[in-house]
file protein_29.json (JSON, C-alpha atoms and all ligand atoms)
[["chain", "number", "residue", "atom", "x", "y", "z"],
["A", 25, "MET", "CA", -4.88, -7.90, 19.07],
["A", 26, "ILE", "CA", -6.11, -11.14, 17.52],
["A", 27, "SER", "CA", -7.69, -13.29, 20.19],
["A", 28, "ALA", "CA", -7.54, -17.08, 20.04],
["A", 29, "ALA", "CA", -11.14, -17.30, 21.32],
["A", 30, "ASP", "CA", -12.53, -15.22, 18.43],
["A", 31, "PRO", "CA", -9.81, -14.86, 15.78],
["A", 32, "ARG", "CA", -12.00, -13.40, 13.01],
["A", 33, "PRO", "CA", -14.52, -10.92, 14.40],
["A", 34, "PRO", "CA", -16.14, -8.47, 11.98],
["A", 35, "LEU", "CA", -14.69, -4.97, 11.95],
["A", 36, "ASP", "CA", -15.88, -3.06, 15.03],
["A", 37, "LYS", "CA", -17.76, -0.24, 13.31],
["A", 38, "GLU", "CA", -18.51, 1.57, 16.54],
["A", 39, "ARG", "CA", -14.85, 1.63, 17.51],
["A", 40, "LEU", "CA", -13.78, 2.70, 14.03],
["A", 41, "ARG", "CA", -16.33, 5.53, 13.95],
["A", 42, "ASP", "CA", -15.16, 6.74, 17.38],
["A", 43, "ALA", "CA", -11.51, 6.62, 16.32],
["A", 44, "PHE", "CA", -12.14, 8.46, 13.08],
["A", 45, "GLU", "CA", -14.29, 11.11, 14.78],
["A", 46, "LEU", "CA", -11.12, 12.39, 16.39],
["A", 47, "SER", "CA", -9.67, 13.02, 12.92],
["A", 48, "PRO", "CA", -11.68, 15.80, 11.30],
["A", 49, "ASP", "CA", -9.50, 15.44, 8.19],
["A", 50, "LEU", "CA", -10.78, 11.89, 7.60],
["A", 51, "THR", "CA", -14.30, 10.73, 6.68],
["A", 52, "LEU", "CA", -15.19, 7.08, 7.05],
["A", 53, "GLU", "CA", -17.44, 5.12, 4.69],
["A", 54, "ILE", "CA", -17.65, 1.51, 5.75],
["A", 55, "HIS", "CA", -19.19, -1.45, 3.91],
["A", 56, "ASP", "CA", -19.72, -5.01, 5.09],
["A", 57, "THR", "CA", -18.97, -6.21, 1.58],
["A", 58, "ALA", "CA", -17.78, -4.35, -1.49],
["A", 59, "GLY", "CA", -16.43, -5.33, -4.88],
["A", 60, "SER", "CA", -13.41, -3.03, -4.91],
["A", 61, "THR", "CA", -12.89, -0.14, -2.48],
["A", 62, "ASN", "CA", -10.78, 1.57, -5.15],
["A", 63, "GLU", "CA", -13.64, 1.42, -7.60],
["A", 64, "LEU", "CA", -15.99, 2.91, -5.00],
["A", 65, "ALA", "CA", -13.49, 5.60, -3.98],
["A", 66, "VAL", "CA", -12.84, 6.57, -7.62],
["A", 67, "ALA", "CA", -16.60, 6.97, -8.11],
["A", 68, "ARG", "CA", -16.88, 9.05, -4.91],
["A", 69, "ALA", "CA", -13.97, 11.26, -6.03],
["A", 70, "ARG", "CA", -15.74, 11.88, -9.33],
["A", 71, "GLU", "CA", -18.90, 12.77, -7.37],
["A", 72, "GLY", "CA", -16.88, 15.39, -5.46],
["A", 73, "ALA", "CA", -15.77, 13.49, -2.32],
["A", 74, "PRO", "CA", -13.45, 15.56, -0.14],
["A", 75, "ASP", "CA", -9.77, 14.94, 0.49],
["A", 76, "GLY", "CA", -9.62, 12.40, 3.33],
["A", 77, "LEU", "CA", -12.55, 10.13, 2.43],
["A", 78, "VAL", "CA", -11.69, 6.58, 3.51],
["A", 79, "VAL", "CA", -13.75, 3.78, 1.94],
["A", 80, "VAL", "CA", -13.42, 0.56, 3.94],
["A", 81, "ALA", "CA", -14.72, -2.93, 3.14],
["A", 82, "ASP", "CA", -14.92, -5.57, 5.87],
["A", 83, "HIS", "CA", -14.76, -8.03, 3.00],
["A", 84, "GLN", "CA", -13.73, -7.20, -0.56],
["A", 85, "THR", "CA", -14.93, -9.57, -3.27],
["A", 86, "ALA", "CA", -13.36, -8.14, -6.44],
["A", 87, "GLY", "CA", -10.16, -6.45, -5.25],
["A", 88, "ARG", "CA", -7.96, -5.00, -7.93],
["A", 89, "GLY", "CA", -4.19, -5.04, -8.27],
["A", 90, "ARG", "CA", -2.07, -3.15, -10.76],
["A", 91, "LEU", "CA", -2.22, -3.96, -14.47],
["A", 92, "ASP", "CA", -5.73, -5.47, -14.09],
["A", 93, "ARG", "CA", -4.58, -8.16, -11.69],
["A", 94, "ALA", "CA", -6.71, -9.41, -8.81],
["A", 95, "TRP", "CA", -6.23, -8.88, -5.07],
["A", 96, "GLU", "CA", -7.75, -11.70, -3.09],
["A", 97, "THR", "CA", -8.35, -12.03, 0.65],
["A", 98, "PRO", "CA", -10.67, -14.40, 2.53],
["A", 99, "PRO", "CA", -13.41, -12.86, 4.75],
["A", 100, "GLY", "CA", -12.31, -11.75, 8.22],
["A", 101, "THR", "CA", -8.58, -11.87, 7.50],
["A", 102, "ALA", "CA", -7.56, -8.61, 5.84],
["A", 103, "VAL", "CA", -7.68, -4.85, 5.85],
["A", 104, "THR", "CA", -8.90, -3.33, 2.59],
["A", 105, "PHE", "CA", -9.50, 0.38, 2.19],
["A", 106, "SER", "CA", -9.02, 3.28, -0.19],
["A", 107, "LEU", "CA", -8.17, 6.88, 0.67],
["A", 108, "VAL", "CA", -9.15, 9.81, -1.54],
["A", 109, "LEU", "CA", -6.58, 12.62, -1.69],
["A", 110, "ARG", "CA", -6.63, 15.86, -3.62],
["A", 111, "PRO", "CA", -2.96, 16.82, -3.73],
["A", 112, "GLU", "CA", -2.16, 20.46, -4.32],
["A", 113, "ILE", "CA", 1.38, 19.87, -5.48],
["A", 114, "PRO", "CA", 3.27, 20.36, -8.72],
["A", 115, "PRO", "CA", 2.75, 17.41, -11.11],
["A", 116, "GLY", "CA", 6.47, 16.59, -10.77],
["A", 117, "ARG", "CA", 5.92, 15.39, -7.20],
["A", 118, "TRP", "CA", 3.00, 13.07, -8.00],
["A", 119, "PRO", "CA", 5.10, 10.00, -8.92],
["A", 120, "TRP", "CA", 6.38, 9.84, -5.34],
["A", 121, "LEU", "CA", 2.87, 9.46, -3.88],
["A", 122, "PRO", "CA", 2.58, 5.68, -4.43],
["A", 123, "LEU", "CA", 6.07, 5.22, -2.96],
["A", 124, "LEU", "CA", 5.17, 7.40, 0.02],
["A", 125, "ALA", "CA", 2.10, 5.22, 0.59],
["A", 126, "GLY", "CA", 4.15, 2.01, 0.64],
["A", 127, "HIS", "CA", 6.76, 3.60, 2.88],
["A", 128, "THR", "CA", 4.08, 4.76, 5.31],
["A", 129, "VAL", "CA", 2.42, 1.32, 5.51],
["A", 130, "ALA", "CA", 5.85, -0.22, 6.18],
["A", 131, "LYS", "CA", 6.49, 2.36, 8.89],
["A", 132, "ALA", "CA", 3.15, 1.66, 10.56],
["A", 133, "LEU", "CA", 3.90, -2.09, 10.58],
["A", 134, "ALA", "CA", 7.33, -1.34, 12.04],
["A", 135, "GLY", "CA", 5.45, 0.25, 14.96],
["A", 136, "TRP", "CA", 4.37, -3.29, 15.96],
["A", 137, "GLY", "CA", 7.92, -4.57, 15.55],
["A", 138, "TYR", "CA", 7.62, -5.99, 12.02],
["A", 139, "ALA", "CA", 10.78, -5.55, 9.94],
["A", 140, "ALA", "CA", 8.96, -4.36, 6.85],
["A", 141, "ARG", "CA", 10.81, -3.69, 3.61],
["A", 142, "LEU", "CA", 9.66, -2.35, 0.25],
["A", 143, "LYS", "CA", 9.74, -3.89, -3.15],
["A", 144, "TRP", "CA", 9.74, -1.12, -5.70],
["A", 145, "PRO", "CA", 7.41, 0.63, -6.20],
["A", 146, "ASN", "CA", 5.25, -0.12, -3.17],
["A", 147, "ASP", "CA", 4.82, -3.77, -2.23],
["A", 148, "VAL", "CA", 5.37, -4.20, 1.49],
["A", 149, "LEU", "CA", 7.38, -7.30, 2.36],
["A", 150, "LEU", "CA", 7.98, -9.27, 5.54],
["A", 151, "GLY", "CA", 10.76, -11.81, 5.26],
["A", 152, "GLY", "CA", 10.75, -11.30, 1.48],
["A", 153, "GLN", "CA", 7.04, -12.17, 1.17],
["A", 154, "LYS", "CA", 4.29, -9.70, 0.28],
["A", 155, "VAL", "CA", 2.12, -8.68, 3.23],
["A", 156, "ALA", "CA", 0.55, -5.59, 1.67],
["A", 157, "GLY", "CA", -0.14, -4.22, -1.78],
["A", 158, "ILE", "CA", -1.03, -0.71, -2.88],
["A", 159, "LEU", "CA", -2.92, 0.50, -5.91],
["A", 160, "ALA", "CA", -2.66, 4.25, -6.50],
["A", 161, "GLU", "CA", -4.96, 5.62, -9.18],
["A", 162, "ALA", "CA", -5.03, 9.19, -10.49],
["A", 163, "VAL", "CA", -8.56, 10.43, -11.19],
["A", 164, "THR", "CA", -9.72, 13.48, -13.11],
["A", 165, "THR", "CA", -12.73, 14.98, -11.37],
["A", 166, "PRO", "CA", -14.82, 18.14, -11.84],
["A", 167, "ALA", "CA", -13.32, 19.43, -8.56],
["A", 168, "GLY", "CA", -9.77, 18.93, -9.87],
["A", 169, "PRO", "CA", -7.30, 16.09, -9.92],
["A", 170, "ALA", "CA", -7.53, 13.44, -7.21],
["A", 171, "VAL", "CA", -5.67, 10.30, -6.32],
["A", 172, "VAL", "CA", -7.07, 7.16, -4.75],
["A", 173, "ILE", "CA", -4.65, 5.16, -2.63],
["A", 174, "GLY", "CA", -5.94, 1.61, -2.19],
["A", 175, "VAL", "CA", -4.29, -0.50, 0.49],
["A", 176, "GLY", "CA", -4.68, -4.21, 1.12],
["A", 177, "ILE", "CA", -2.98, -5.74, 4.18],
["A", 178, "ASN", "CA", -2.96, -9.45, 4.98],
["A", 179, "VAL", "CA", -3.59, -9.71, 8.71],
["A", 180, "ALA", "CA", -4.83, -13.15, 9.76],
["A", 181, "LEU", "CA", -4.46, -15.35, 6.69],
["A", 182, "THR", "CA", -3.15, -18.82, 7.42],
["A", 183, "GLN", "CA", -0.68, -20.61, 5.15],
["A", 184, "ASP", "CA", -3.49, -22.48, 3.37],
["A", 185, "GLU", "CA", -5.33, -19.26, 2.66],
["A", 186, "LEU", "CA", -2.51, -17.39, 0.91],
["A", 187, "PRO", "CA", -3.66, -16.60, -2.62],
["A", 188, "VAL", "CA", -0.11, -16.96, -4.00],
["A", 189, "PRO", "CA", 3.06, -18.53, -2.61],
["A", 190, "THR", "CA", 4.82, -15.14, -2.55],
["A", 191, "ALA", "CA", 2.34, -13.77, 0.02],
["A", 192, "THR", "CA", 2.42, -13.70, 3.81],
["A", 193, "SER", "CA", 0.32, -12.22, 6.63],
["A", 194, "LEU", "CA", 1.03, -10.49, 9.93],
["A", 195, "LEU", "CA", -0.08, -13.70, 11.65],
["A", 196, "LEU", "CA", 2.32, -15.87, 9.64],
["A", 197, "ALA", "CA", 5.20, -13.42, 10.06],
["A", 198, "SER", "CA", 4.79, -13.32, 13.86],
["A", 199, "ASN", "CA", 6.53, -15.62, 16.28],
["A", 200, "GLU", "CA", 4.24, -18.24, 17.72],
["A", 201, "GLY", "CA", 2.52, -16.92, 20.83],
["A", 202, "ASP", "CA", 3.36, -13.27, 20.13],
["A", 203, "PRO", "CA", 0.40, -10.87, 19.95],
["A", 204, "VAL", "CA", -0.79, -10.05, 16.43],
["A", 205, "PRO", "CA", -2.60, -6.74, 15.87],
["A", 206, "GLY", "CA", -6.26, -7.10, 14.96],
["A", 207, "ARG", "CA", -7.84, -5.66, 11.84],
["A", 208, "ASP", "CA", -9.38, -2.66, 13.65],
["A", 209, "ASP", "CA", -6.00, -1.70, 15.11],
["A", 210, "VAL", "CA", -4.26, -2.09, 11.76],
["A", 211, "LEU", "CA", -6.87, -0.02, 9.95],
["A", 212, "ILE", "CA", -6.84, 2.81, 12.51],
["A", 213, "ARG", "CA", -3.05, 3.00, 12.74],
["A", 214, "VAL", "CA", -2.33, 2.67, 9.02],
["A", 215, "VAL", "CA", -4.91, 5.25, 7.95],
["A", 216, "ALA", "CA", -3.63, 7.69, 10.61],
["A", 217, "ALA", "CA", -0.05, 7.08, 9.47],
["A", 218, "LEU", "CA", -1.01, 7.72, 5.86],
["A", 219, "ARG", "CA", -2.79, 10.95, 6.73],
["A", 220, "GLU", "CA", 0.13, 12.17, 8.85],
["A", 221, "GLY", "CA", 2.84, 11.00, 6.47],
["A", 222, "TYR", "CA", 1.11, 12.57, 3.49],
["A", 223, "ASP", "CA", 0.46, 15.88, 5.28],
["A", 224, "ALA", "CA", 4.07, 16.13, 6.45],
["A", 225, "TRP", "CA", 5.34, 15.38, 2.95],
["A", 226, "LEU", "CA", 2.92, 17.89, 1.44],
["A", 227, "VAL", "CA", 3.99, 20.83, 3.59],
["A", 228, "GLY", "CA", 7.61, 19.78, 4.09],
["A", 229, "GLY", "CA", 8.82, 20.76, 0.62],
["A", 230, "ASP", "CA", 12.21, 19.66, -0.64],
["A", 231, "ALA", "CA", 13.52, 18.70, 2.80],
["A", 232, "ALA", "CA", 10.63, 16.27, 3.38],
["A", 233, "ALA", "CA", 11.02, 14.88, -0.14],
["A", 234, "ALA", "CA", 14.73, 14.25, 0.48],
["A", 235, "ARG", "CA", 14.06, 12.57, 3.85],
["A", 236, "LEU", "CA", 11.46, 10.31, 2.26],
["A", 237, "ALA", "CA", 13.80, 9.40, -0.59],
["A", 238, "SER", "CA", 16.61, 8.43, 1.74],
["A", 239, "SER", "CA", 14.40, 6.43, 4.13],
["A", 240, "TYR", "CA", 12.68, 4.73, 1.18],
["A", 241, "ALA", "CA", 16.07, 3.73, -0.26],
["A", 242, "ALA", "CA", 17.26, 2.43, 3.11],
["A", 243, "HIS", "CA", 14.22, 0.13, 3.37],
["A", 244, "CYS", "CA", 13.96, -0.89, -0.28],
["A", 245, "ALA", "CA", 14.69, -4.60, -0.79],
["A", 246, "THR", "CA", 14.93, -4.07, -4.55],
["A", 247, "LEU", "CA", 18.06, -1.90, -4.49],
["A", 248, "GLY", "CA", 21.24, -3.88, -5.05],
["A", 249, "GLN", "CA", 19.26, -6.81, -6.45],
["A", 250, "GLN", "CA", 19.55, -8.48, -9.81],
["A", 251, "VAL", "CA", 16.16, -7.70, -11.33],
["A", 252, "ARG", "CA", 14.11, -8.56, -14.35],
["A", 253, "VAL", "CA", 11.64, -5.83, -15.25],
["A", 254, "GLU", "CA", 8.68, -6.67, -17.41],
["A", 255, "LEU", "CA", 7.86, -3.42, -19.19],
["A", 256, "PRO", "CA", 4.26, -2.51, -20.02],
["A", 257, "GLY", "CA", 5.03, -2.58, -23.76],
["A", 258, "GLY", "CA", 6.15, -6.20, -23.49],
["A", 259, "GLY", "CA", 9.91, -5.64, -23.34],
["A", 260, "ILE", "CA", 12.14, -7.07, -20.66],
["A", 261, "LEU", "CA", 15.01, -5.31, -18.94],
["A", 262, "THR", "CA", 17.54, -7.14, -16.81],
["A", 263, "GLY", "CA", 20.30, -5.75, -14.64],
["A", 264, "THR", "CA", 21.06, -4.45, -11.18],
["A", 265, "ALA", "CA", 18.66, -2.09, -9.45],
["A", 266, "VAL", "CA", 20.96, 0.74, -8.40],
["A", 267, "GLU", "CA", 18.85, 3.70, -7.41],
["A", 268, "VAL", "CA", 15.42, 5.28, -7.06],
["A", 269, "ASP", "CA", 15.70, 8.63, -8.84],
["A", 270, "ASP", "CA", 14.13, 12.02, -8.03],
["A", 271, "ASP", "CA", 11.05, 11.05, -10.04],
["A", 272, "GLY", "CA", 10.53, 7.82, -8.07],
["A", 273, "ARG", "CA", 11.75, 5.68, -10.97],
["A", 274, "LEU", "CA", 13.83, 2.57, -10.45],
["A", 275, "VAL", "CA", 17.19, 2.92, -12.18],
["A", 276, "VAL", "CA", 18.46, -0.38, -13.59],
["A", 277, "ASP", "CA", 22.10, -0.79, -14.58],
["A", 278, "THR", "CA", 22.05, -3.19, -17.53],
["A", 279, "GLY", "CA", 25.83, -3.29, -17.83],
["A", 280, "LEU", "CA", 25.62, -1.10, -20.93],
["A", 281, "ARG", "CA", 23.55, 1.77, -19.61],
["A", 282, "ARG", "CA", 21.50, 2.99, -16.66],
["A", 283, "GLU", "CA", 17.82, 2.79, -17.56],
["A", 284, "PRO", "CA", 15.16, 4.51, -15.42],
["A", 285, "VAL", "CA", 11.90, 2.55, -15.21],
["A", 286, "GLY", "CA", 8.69, 4.38, -14.24],
["A", 287, "VAL", "CA", 6.16, 1.61, -14.67],
["A", 288, "GLY", "CA", 6.77, -2.08, -14.84],
["A", 289, "ASP", "CA", 6.72, -5.29, -12.93],
["A", 290, "VAL", "CA", 9.91, -6.12, -11.12],
["A", 291, "VAL", "CA", 11.02, -9.63, -10.30],
["A", 292, "HIS", "CA", 13.87, -10.00, -7.82],
["A", 293, "VAL", "CA", 16.01, -12.61, -9.52],
["A", 294, "ARG", "CA", 17.74, -13.48, -6.28],
["A", 295, "ALA", "CA", 15.13, -13.20, -3.54],
["A", 296, "ASN", "CA", 16.03, -10.99, -0.64],
["A", 297, "GLY", "CA", 13.66, -9.74, 2.05],
["B", 1, "LIG", "C1", -1.09, -4.75, -5.80],
["B", 1, "LIG", "O1", -1.13, -5.06, -7.11],
["B", 1, "LIG", "O2", -0.32, -5.20, -5.00],
["B", 1, "LIG", "C2", -2.15, -3.75, -5.38],
["B", 1, "LIG", "C3", -3.16, -4.37, -4.47],
["B", 1, "LIG", "C4", -4.10, -3.33, -3.95],
["B", 1, "LIG", "C5", -5.22, -3.95, -3.19],
["B", 1, "LIG", "C6", -6.06, -2.91, -2.49],
["B", 1, "LIG", "S1", -7.23, -3.62, -1.44],
["B", 1, "LIG", "C7", -8.08, -2.14, -1.27],
["B", 1, "LIG", "C8", -8.05, -1.47, -2.62],
["B", 1, "LIG", "N1", -9.18, -1.85, -3.44],
["B", 1, "LIG", "C9", -8.80, -2.56, -4.53],
["B", 1, "LIG", "O3", -9.59, -3.01, -5.39],
["B", 1, "LIG", "N2", -7.46, -2.68, -4.54],
["B", 1, "LIG", "C10", -6.85, -2.00, -3.42],
["B", 1, "LIG", "P1", -0.06, -5.94, -7.87],
["B", 1, "LIG", "O4", 1.31, -5.44, -7.57],
["B", 1, "LIG", "O5", -0.52, -5.96, -9.27],
["B", 1, "LIG", "O6", -0.19, -7.34, -7.19],
["B", 1, "LIG", "C11", -1.23, -8.23, -7.56],
["B", 1, "LIG", "C12", -0.66, -9.62, -7.47],
["B", 1, "LIG", "O7", -0.37, -9.91, -6.09],
["B", 1, "LIG", "C13", -1.62, -10.69, -7.92],
["B", 1, "LIG", "O8", -1.47, -10.93, -9.29],
["B", 1, "LIG", "C14", -1.17, -11.89, -7.08],
["B", 1, "LIG", "O9", -0.04, -12.50, -7.67],
["B", 1, "LIG", "C15", -0.70, -11.25, -5.81],
["B", 1, "LIG", "N3", -1.76, -11.22, -4.77],
["B", 1, "LIG", "C16", -3.10, -11.27, -4.90],
["B", 1, "LIG", "N4", -3.68, -11.21, -3.71],
["B", 1, "LIG", "C17", -2.69, -11.11, -2.80],
["B", 1, "LIG", "C18", -2.64, -11.01, -1.39],
["B", 1, "LIG", "N5", -3.73, -10.96, -0.63],
["B", 1, "LIG", "N6", -1.42, -10.95, -0.80],
["B", 1, "LIG", "C19", -0.28, -10.98, -1.50],
["B", 1, "LIG", "N7", -0.25, -11.08, -2.85],
["B", 1, "LIG", "C20", -1.45, -11.15, -3.48]]

call {"tool": "encode", "arguments": {"input": "protein_29.json", "output": "structure tokens"}}
result
Amino acid sequence: MISAADPRPPLDKERLRDAFELSPDLTLEIHDTAGSTNELAVARAREGAPDGLVVVADHQTAGRGRLDRAWETPPGTAVTFSLVLRPEIPPGRWPWLPLLAGHTVAKALAGWGYAARLKWPNDVLLGGQKVAGILAEAVTTPAGPAVVIGVGINVALTQDELPVPTATSLLLASNEGDPVPGRDDVLIRVVAALREGYDAWLVGGDAAAARLASSYAAHCATLGQQVRVELPGGGILTGTAVEVDDDGRLVVDTGLRREPVGVGDVVHVRANG
């Protein structure tokens, strides 16, 4: 928990190493400072890193978002890590991986009592504001296809430190005086949840896929919203978000037709957390 006496300690490497030692399916690589943990993890995957490598930065100086955007967090306030996975699944299931990651982060935060919701595809929201972002990157490597799941969680940022007005942090979303989980706790719990959630999804076949889809839909703040989708090609689609389909795409009802969107930036026209 965050302590008032020392609100921004460095990550406790000893504690993290001990915690990860109990998970033989996870390998920890921890840096005091790194540019982007995704960039490092992609490089490690290309060098042959095993499934389960977790690259952590105590402070990340050049964090990446989707579509070449930046992810910014002040030192001592955030969790930033990337997990290398080597999924042995049919290509048709891959598009659900980024959604699974967002769902799992939301579930882990719910474990501390936070009412986390998802903005399609995988922003994690508290009270309609973004507390965590995920960047999933597919990588071709000599050892076969890999995916890097990069997760950034705002833990202790104050209002003045938010990089954008749409952001929040666990601290800001907590009631005054309530305990706020510290960065070590968040890292340990979220990585464990990702490993477990991913493994269950991997071996659970169609039944697990269906359970994920229905839980994702139940916690997705985008569904039912009026949305404006900025498409990668420059087009704009407006309508009501009605469904997430079997391929993880957001289906938008434009009034004329139902259009599935696989990639794109969604703006909730009427904000709803
Ligand atoms: C994301 O992109 O949300 C993915 C962010 C992934 C970050 C993690 S940190 C560990 C790993 N290593 C990396 O280099 N990246 C991953 P996107 O949906 O494109 O959102 C980016 C946008 O969110 C920015 O353009 C800002 O508007 C906003 N933003 C930037 N920093 C933020 C923050 N700390 N909290 C909330 N919003 C932020």

call {"tool": "closest_residue", "arguments": {"input": "protein_29.json", "among": "A:Ala233, A:Ala197, A:Val155, A:Ala86", "to": "Ala58 of chain A", "atoms": "only C-alpha atoms"}}
result
A:Ala86

call {"tool": "residues_around", "arguments": {"input": "protein_29.json", "residues": "segment 107-109 of chain A", "least_positions_apart": "6", "cutoff": "8 Å", "atoms": "all atoms listed in the file", "output": "PyMOL selection string"}}
result
chain A and resi 65-66+69+73-79+170-174

call {"tool": "closest_atom_pairs", "arguments": {"input": "protein_29.json", "of": "chain A", "to": "ligand LIG 1 (chain B)", "cutoff": "9 Å", "atoms": "only C-alpha atoms and all ligand atoms", "output": "Markdown table"}}
result
| residue | atom | partner | partner_atom | distance |
| --- | --- | --- | --- | --- |
| A:Gly59 | CA | B:LIG1 | O3 | 7.2 |
| A:Ser60 | CA | B:LIG1 | O3 | 3.9 |
| A:Thr61 | CA | B:LIG1 | N1 | 4.2 |
| A:Asn62 | CA | B:LIG1 | N1 | 4.1 |
| A:Glu63 | CA | B:LIG1 | O3 | 6.4 |
| A:Leu64 | CA | B:LIG1 | N1 | 8.5 |
| A:Ala65 | CA | B:LIG1 | N1 | 8.6 |
| A:Val79 | CA | B:LIG1 | C7 | 8.8 |
| A:Val80 | CA | B:LIG1 | C7 | 7.9 |
| A:Ala81 | CA | B:LIG1 | C7 | 8.0 |
| A:Gln84 | CA | B:LIG1 | S1 | 7.5 |
| A:Thr85 | CA | B:LIG1 | O3 | 8.7 |
| A:Ala86 | CA | B:LIG1 | O3 | 6.5 |
| A:Gly87 | CA | B:LIG1 | O3 | 3.5 |
| A:Arg88 | CA | B:LIG1 | O3 | 3.6 |
| A:Gly89 | CA | B:LIG1 | O1 | 3.3 |
| A:Arg90 | CA | B:LIG1 | O5 | 3.5 |
| A:Leu91 | CA | B:LIG1 | O5 | 5.8 |
| A:Asp92 | CA | B:LIG1 | O5 | 7.1 |
| A:Arg93 | CA | B:LIG1 | O8 | 4.8 |
| A:Ala94 | CA | B:LIG1 | C13 | 5.3 |
| A:Trp95 | CA | B:LIG1 | N4 | 3.7 |
| A:Glu96 | CA | B:LIG1 | N4 | 4.1 |
| A:Thr97 | CA | B:LIG1 | N5 | 4.9 |
| A:Pro98 | CA | B:LIG1 | N5 | 8.4 |
| A:Ala102 | CA | B:LIG1 | N5 | 7.9 |
| A:Val103 | CA | B:LIG1 | S1 | 7.4 |
| A:Thr104 | CA | B:LIG1 | C7 | 4.1 |
| A:Phe105 | CA | B:LIG1 | C7 | 4.5 |
| A:Ser106 | CA | B:LIG1 | C8 | 5.4 |
| A:Leu107 | CA | B:LIG1 | C8 | 9.0 |
| A:Pro145 | CA | B:LIG1 | O4 | 8.7 |
| A:Asn146 | CA | B:LIG1 | O2 | 7.8 |
| A:Asp147 | CA | B:LIG1 | O2 | 6.0 |
| A:Val148 | CA | B:LIG1 | O2 | 8.7 |
| A:Gln153 | CA | B:LIG1 | C19 | 7.9 |
| A:Lys154 | CA | B:LIG1 | C19 | 5.1 |
| A:Val155 | CA | B:LIG1 | C19 | 5.8 |
| A:Ala156 | CA | B:LIG1 | N6 | 6.2 |
| A:Gly157 | CA | B:LIG1 | O2 | 3.4 |
| A:Ile158 | CA | B:LIG1 | C2 | 4.1 |
| A:Leu159 | CA | B:LIG1 | C2 | 4.4 |
| A:Ala160 | CA | B:LIG1 | C2 | 8.1 |
| A:Val172 | CA | B:LIG1 | C8 | 8.9 |
| A:Ile173 | CA | B:LIG1 | C8 | 7.5 |
| A:Gly174 | CA | B:LIG1 | C8 | 3.8 |
| A:Val175 | CA | B:LIG1 | C6 | 4.2 |
| A:Gly176 | CA | B:LIG1 | S1 | 3.7 |
| A:Ile177 | CA | B:LIG1 | N5 | 7.1 |
| A:Asn178 | CA | B:LIG1 | N5 | 5.9 |
| A:Leu181 | CA | B:LIG1 | N5 | 8.6 |
| A:Leu186 | CA | B:LIG1 | N5 | 6.7 |
| A:Pro187 | CA | B:LIG1 | N4 | 5.5 |
| A:Val188 | CA | B:LIG1 | O9 | 5.8 |
| A:Pro189 | CA | B:LIG1 | N7 | 8.2 |
| A:Thr190 | CA | B:LIG1 | N7 | 6.5 |
| A:Ala191 | CA | B:LIG1 | C19 | 4.1 |
| A:Thr192 | CA | B:LIG1 | C19 | 6.5 |
| A:Ser193 | CA | B:LIG1 | N6 | 7.7 |
| A:Asp289 | CA | B:LIG1 | O4 | 7.6 |

call {"tool": "closest_residue", "arguments": {"input": "protein_29.json", "among": "A:Val179, A:Val287, A:Val210, A:Val204", "to": "Ala132 of chain A", "atoms": "only C-alpha atoms"}}
result
A:Val210

call {"tool": "atom_distance", "arguments": {"input": "protein_29.json", "atom1": "atom CA of Gly257 of chain A", "atom2": "atom CA of Ala241 of chain A"}}
result
26.7 Å
